[in-house]
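Student: As input, take structure25.cif (mmCIF, C-alpha atoms):
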```cif
data_final
loop_
_atom_site.label_atom_id
_atom_site.label_comp_id
_atom_site.auth_asym_id
_atom_site.auth_seq_id
_atom_site.Cartn_x
_atom_site.Cartn_y
_atom_site.Cartn_z
CA MET A 16 115.85 94.53 120.22
CA THR A 17 118.30 95.84 117.67
CA SER A 18 118.59 99.34 116.28
CA GLY A 19 119.54 99.87 112.68
CA LYS A 20 123.10 100.85 111.95
CA TYR A 21 122.26 102.94 108.88
CA PHE A 22 118.69 104.17 109.34
CA ASN A 23 118.14 107.92 108.85
CA ARG A 24 121.82 108.59 108.05
CA ALA A 25 122.85 110.74 105.12
CA VAL A 26 124.37 108.83 102.20
CA ILE A 27 127.29 110.10 100.13
CA ALA A 28 129.22 108.78 97.13
CA LEU A 29 132.91 109.08 96.33
CA ASP A 30 132.17 112.09 94.12
CA ALA A 31 128.87 113.43 95.55
CA PRO A 32 128.33 115.11 98.94
CA HIS A 33 124.68 114.06 99.23
CA ILE A 34 122.69 111.26 97.63
CA GLY A 35 119.86 111.05 100.15
CA TYR A 36 118.92 109.37 103.43
CA VAL A 37 118.54 105.72 104.46
CA VAL A 38 114.85 104.95 105.01
CA ARG A 39 115.10 101.16 105.30
CA GLU A 40 117.75 98.54 105.85
CA THR A 41 117.56 94.82 105.24
CA ASP A 42 120.06 92.02 105.77
CA ASP A 43 121.70 92.74 102.42
CA LYS A 44 120.91 96.34 101.38
CA ILE A 45 119.90 99.85 102.33
CA VAL A 46 117.07 101.79 100.70
CA VAL A 47 117.98 105.42 100.06
CA PHE A 48 115.48 108.16 99.21
CA GLY A 49 117.15 110.96 97.28
CA GLU A 50 115.92 114.25 95.93
CA GLY A 51 112.67 114.30 94.01
CA LYS A 52 111.59 110.80 93.07
CA GLU A 53 115.04 109.20 93.37
CA ARG A 54 115.42 105.88 95.18
CA TYR A 55 118.40 103.56 95.33
CA ASP A 56 118.47 100.03 96.74
CA ILE A 57 122.19 99.71 97.51
CA PRO A 58 123.89 96.47 98.60
CA LEU A 59 125.62 96.60 101.98
CA SER A 60 128.74 95.25 100.28
CA THR A 61 129.24 98.62 98.53
CA ILE A 62 129.39 100.58 101.81
CA GLN A 63 132.92 101.80 102.37
CA THR A 64 132.58 103.48 105.79
CA VAL A 65 129.91 104.51 108.28
CA SER A 66 130.22 107.43 110.68
CA LYS A 67 127.91 110.43 110.64
CA ASN A 68 127.27 109.54 106.97
CA VAL A 69 127.19 106.31 105.00
CA LEU A 70 129.90 106.41 102.32
CA ILE A 71 129.22 104.25 99.28
CA GLY A 72 132.46 103.17 97.61
CA LEU A 73 131.25 104.15 94.13
CA ASN A 74 130.78 107.31 92.10
CA PHE A 75 127.26 108.69 91.92
CA ASP A 76 126.71 107.78 88.25
CA GLU A 77 127.59 104.13 89.01
CA ILE A 78 125.09 104.09 91.89
CA ALA A 79 122.38 105.63 89.70
CA LYS A 80 122.98 103.12 86.87
CA LYS A 81 123.17 100.01 89.03
CA TYR A 82 120.82 100.64 91.93
CA SER A 83 118.12 103.10 90.84
CA VAL A 84 114.58 101.89 91.64
CA LYS A 85 111.19 103.51 91.03
CA ARG A 86 110.34 105.50 94.14
CA ASP A 87 106.83 104.12 94.46
CA GLU A 88 107.85 100.44 94.28
CA PRO A 89 107.04 98.57 97.51
CA LEU A 90 109.84 98.77 100.06
CA PRO A 91 111.71 95.54 100.78
CA THR A 92 110.90 93.87 104.08
CA SER A 93 113.01 95.28 106.87
CA LYS A 94 115.37 92.93 108.65
CA PHE A 95 113.36 93.80 111.75
CA VAL A 96 110.04 92.67 110.23
CA ASP A 97 110.79 89.51 108.31
CA PRO A 98 108.47 86.51 107.96
CA TRP A 99 111.02 84.37 106.11
CA GLY A 100 112.54 81.45 107.94
CA SER A 101 116.23 80.61 108.07
CA GLU A 102 115.93 77.94 105.36
CA GLY A 103 113.98 80.21 103.01
CA THR A 104 110.63 78.98 104.29
CA THR A 105 107.77 81.34 105.00
CA ASP A 106 105.59 81.31 108.06
CA LEU A 107 102.83 83.15 106.22
CA ARG A 108 100.18 82.47 108.85
CA THR A 109 102.23 84.15 111.60
CA TYR A 110 103.11 86.99 109.24
CA MET A 111 99.46 87.62 108.34
CA GLU A 112 98.37 87.50 111.98
CA LYS A 113 100.91 90.18 112.88
CA TYR A 114 100.89 92.44 109.82
CA ALA A 115 97.71 91.95 107.75
CA LYS A 116 95.81 94.83 109.33
CA THR A 117 98.68 97.27 109.64
CA LEU A 118 99.26 100.25 107.39
CA PHE A 119 103.02 99.93 107.89
CA ASN A 120 105.06 99.95 104.66
CA LYS A 121 102.09 100.81 102.40
CA GLY A 122 102.53 103.40 99.69
CA VAL A 123 100.70 106.70 100.23
CA ARG A 124 99.02 108.74 97.50
CA LEU A 125 96.93 111.89 97.33
CA GLU A 126 93.39 112.04 95.90
CA ASN A 127 94.83 112.87 92.47
CA GLU A 128 97.00 109.68 92.69
CA ASP A 129 100.30 111.58 93.18
CA HIS A 130 102.76 109.42 95.11
CA VAL A 131 103.68 110.86 98.54
CA GLY A 132 105.84 108.17 100.19
CA HIS A 133 105.58 105.12 102.46
CA VAL A 134 104.16 104.60 105.96
CA MET A 135 107.07 104.07 108.33
CA LYS A 136 105.11 104.17 111.61
CA GLU A 137 101.48 103.88 112.61
CA THR A 138 99.87 104.99 115.87
CA ASP A 139 96.23 104.85 116.93
CA ASP A 140 95.50 108.20 115.30
CA LYS A 141 98.41 109.03 112.92
CA ILE A 142 100.63 107.66 110.18
CA VAL A 143 104.24 108.76 109.78
CA ILE A 144 105.13 109.01 106.09
CA PHE A 145 108.63 109.28 104.64
CA GLY A 146 108.43 110.87 101.20
CA ASP A 147 110.26 112.68 98.44
CA ARG A 148 113.04 115.19 99.16
CA ASP A 149 113.61 113.69 102.61
CA TYR A 150 110.18 114.94 103.70
CA ARG A 151 108.32 113.48 106.63
CA PHE A 152 104.61 113.94 107.21
CA ASP A 153 102.71 113.01 110.39
CA VAL A 154 99.14 112.76 109.07
CA PRO A 155 95.98 112.05 111.08
CA LYS A 156 94.30 108.79 110.10
CA SER A 157 91.08 110.76 109.74
CA LYS A 158 92.52 112.07 106.43
CA ILE A 159 92.61 108.55 104.94
CA ILE A 160 89.80 108.05 102.43
CA ALA A 161 90.75 104.61 101.07
CA VAL A 162 93.10 101.73 101.86
CA GLY A 163 94.04 99.04 99.37
CA ARG A 164 97.44 98.38 97.91
CA ASN A 165 98.08 102.06 98.69
CA ILE A 166 96.65 104.49 101.20
CA ILE A 167 94.75 107.39 99.63
CA LEU A 168 94.67 110.68 101.53
CA GLY A 169 91.70 113.01 100.98
CA MET A 170 93.80 116.11 100.40
CA ASN A 171 95.99 117.99 97.96
CA TRP A 172 99.69 118.91 98.23
CA ASP A 173 98.99 122.23 99.98
CA GLU A 174 97.06 120.53 102.77
CA LEU A 175 99.61 117.71 103.02
CA PHE A 176 102.39 120.24 103.69
CA THR A 177 100.52 121.46 106.77
CA TYR A 178 101.51 118.08 108.28
CA LYS A 179 105.21 118.29 107.33
CA VAL A 180 107.65 117.85 110.21
CA ASP A 181 111.42 117.67 110.41
CA LYS A 182 112.45 114.09 109.59
CA ASN A 183 114.45 113.90 112.83
CA SER A 184 111.61 115.13 115.06
CA PRO A 185 110.41 112.76 117.77
CA LEU A 186 107.72 110.32 116.69
CA PRO A 187 104.14 110.78 117.80
CA GLY A 188 104.22 109.72 121.44
CA GLY A 189 107.61 111.34 122.02
CA HIS A 190 109.91 108.48 121.00
CA PRO A 191 113.07 109.35 119.03
CA VAL A 192 112.90 108.68 115.28
CA GLU A 193 115.53 105.93 115.70
CA LYS A 194 112.76 103.85 117.34
CA LEU A 195 111.48 103.18 113.81
CA THR A 196 114.15 100.51 113.47
CA GLU A 197 113.14 98.66 116.60
CA GLU A 198 111.03 95.60 115.91
CA GLU A 199 108.26 96.10 118.44
CA ASP A 200 107.42 99.55 117.11
CA HIS A 201 106.34 98.15 113.74
CA PHE A 202 103.31 96.44 115.23
#
```
Starting from the file, lay out its structure as structure tokens.

Tutor:
Amino acid sequence: MTSGKYFNRAVIALDAPHIGYVVRETDDKIVVFGEGKERYDIPLSTIQTVSKNVLIGLNFDEIAKKYSVKRDEPLPTSKFVDPWGSEGTTDLRTYMEKYAKTLFNKGVRLENEDHVGHVMKETDDKIVIFGDRDYRFDVPKSKIIAVGRNIILGMNWDELFTYKVDKNSPLPGGHPVEKLTEEEDHF
């Protein structure tokens, strides 16, 4: 098992003290959720240093121009959950057997279709959602009213915020949030 090097770290630019937080890493990029509806898919090659924060070797306006992505676009497949073979082949059957029934990585919306975030962890009775403004919500599955391309929650923003937790809080079950990057926890 491998833990992510960048996951949940703050991201800074050469001229900006805070861009957002890493919510996903792949073999070639990190996905950063910023304030509001900001999202940046930043190549690993642009990372200058990593310590407490991830320093991108560019100014903020360059990052925004080159790497801005719509927040509600599907997240790229994590390097820890990847069905693609080494020669670019896909073992789709194995992938579907493991992931077809999971809520992991689905977009989450409210009844009024407002985008909330993406499911980063699923337990028997809850989903852990990473959303805008570095928010995290641990929502009971009983609040789900529909599942398709997105998960629809039967609530409004006020009710959703009753499920807000600190993004660094332990996951349901008591595991540290860093466990999100470990392969076996995605299933």

Student: Would you work out the distance separating CA of Ser83 in chain A from CA of Val46 in chain A, expressed in Å to one decimal?

Tutor: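 Straight-line distance from CA of Ser83 in chain A to CA of Val46 in chain A works out to 10.0 Å.
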
Student: Return the single residue from A:Glu128, A:Glu88, A:Glu40, A:Asp140 that is closest to Leu168 in chain A, with distances computed using only C-alpha atoms.

Tutor: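 Closest to Leu168 in chain A, using only C-alpha atoms: A:Glu128.
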
Student: Using all atoms listed in the file, find the one residue out of A:Glu137, A:Asp30, A:Asp43, A:Asp87 that sits nearest to Leu195 in chain A.

Tutor: A:Glu137

Student: Closest to Lys182 in chain A among A:Ile45, A:Asn23, A:Tyr55, A:Asn68, using only C-alpha atoms?

Tutor: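 Residue with the minimum atom-to-atom distance to Lys182 in chain A: A:Asn23.
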
Student: Please identify all polymer residues within 12 Å of Ala28 in chain A, counting all atoms listed in the file, omitting same-chain residues fewer than 5 positions from it, and present them as a VMD selection string.

Tutor: chain A and resid 33 to 35 57 61 to 65 68 to 79

Student: How far is it from CA of His130 in chain A to CA of Lys194 in chain A, in Å with one decimal?

Tutor: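 Here the two named atoms are 25.0 Å from each other.
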
Student: Just give me the gap between CA of Pro89 in chain A and CA of Lys121 in chain A in Å, one decimal is fine.

Tutor: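 Straight-line distance from CA of Pro89 in chain A to CA of Lys121 in chain A works out to 7.3 Å.
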
Student: With all atoms listed in the file as the counted atoms, please give the residues lying no more than 12 Å from range 185-192 of chain A, apart from itself and same-chain residues fewer than 3 positions off, as an NGL selection string.

Tutor: :A and (18-19 or 22-24 or 38 or 135-145 or 151-155 or 180-182 or 195-197 or 200)

Student: Can you list, as a list in words, the residues that the PyMOL selection byres ((chain A and resi 48) around 6) selects here?

Tutor: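 On this input, the PyMOL selection byres ((chain A and resi 48) around 6) captures Gly35, Tyr36, Val47, Gly49, Glu53 and Arg54 of chain A.
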
Student: Please write as number ranges by chain the full residue list that the PyMOL selection byres ((chain A and resi 157-167) around 7) yields on this file.

Tutor: A: 121-126, 155-156, 168-169

Student: With distances taken over all atoms listed in the file, which residue among A:Phe119, A:Tyr21, A:Tyr150, A:Tyr82 lies nearest Glu50 in chain A?

Tutor: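 Comparing A:Phe119, A:Tyr21, A:Tyr150, A:Tyr82 against Glu50 in chain A, the winner is A:Tyr150.
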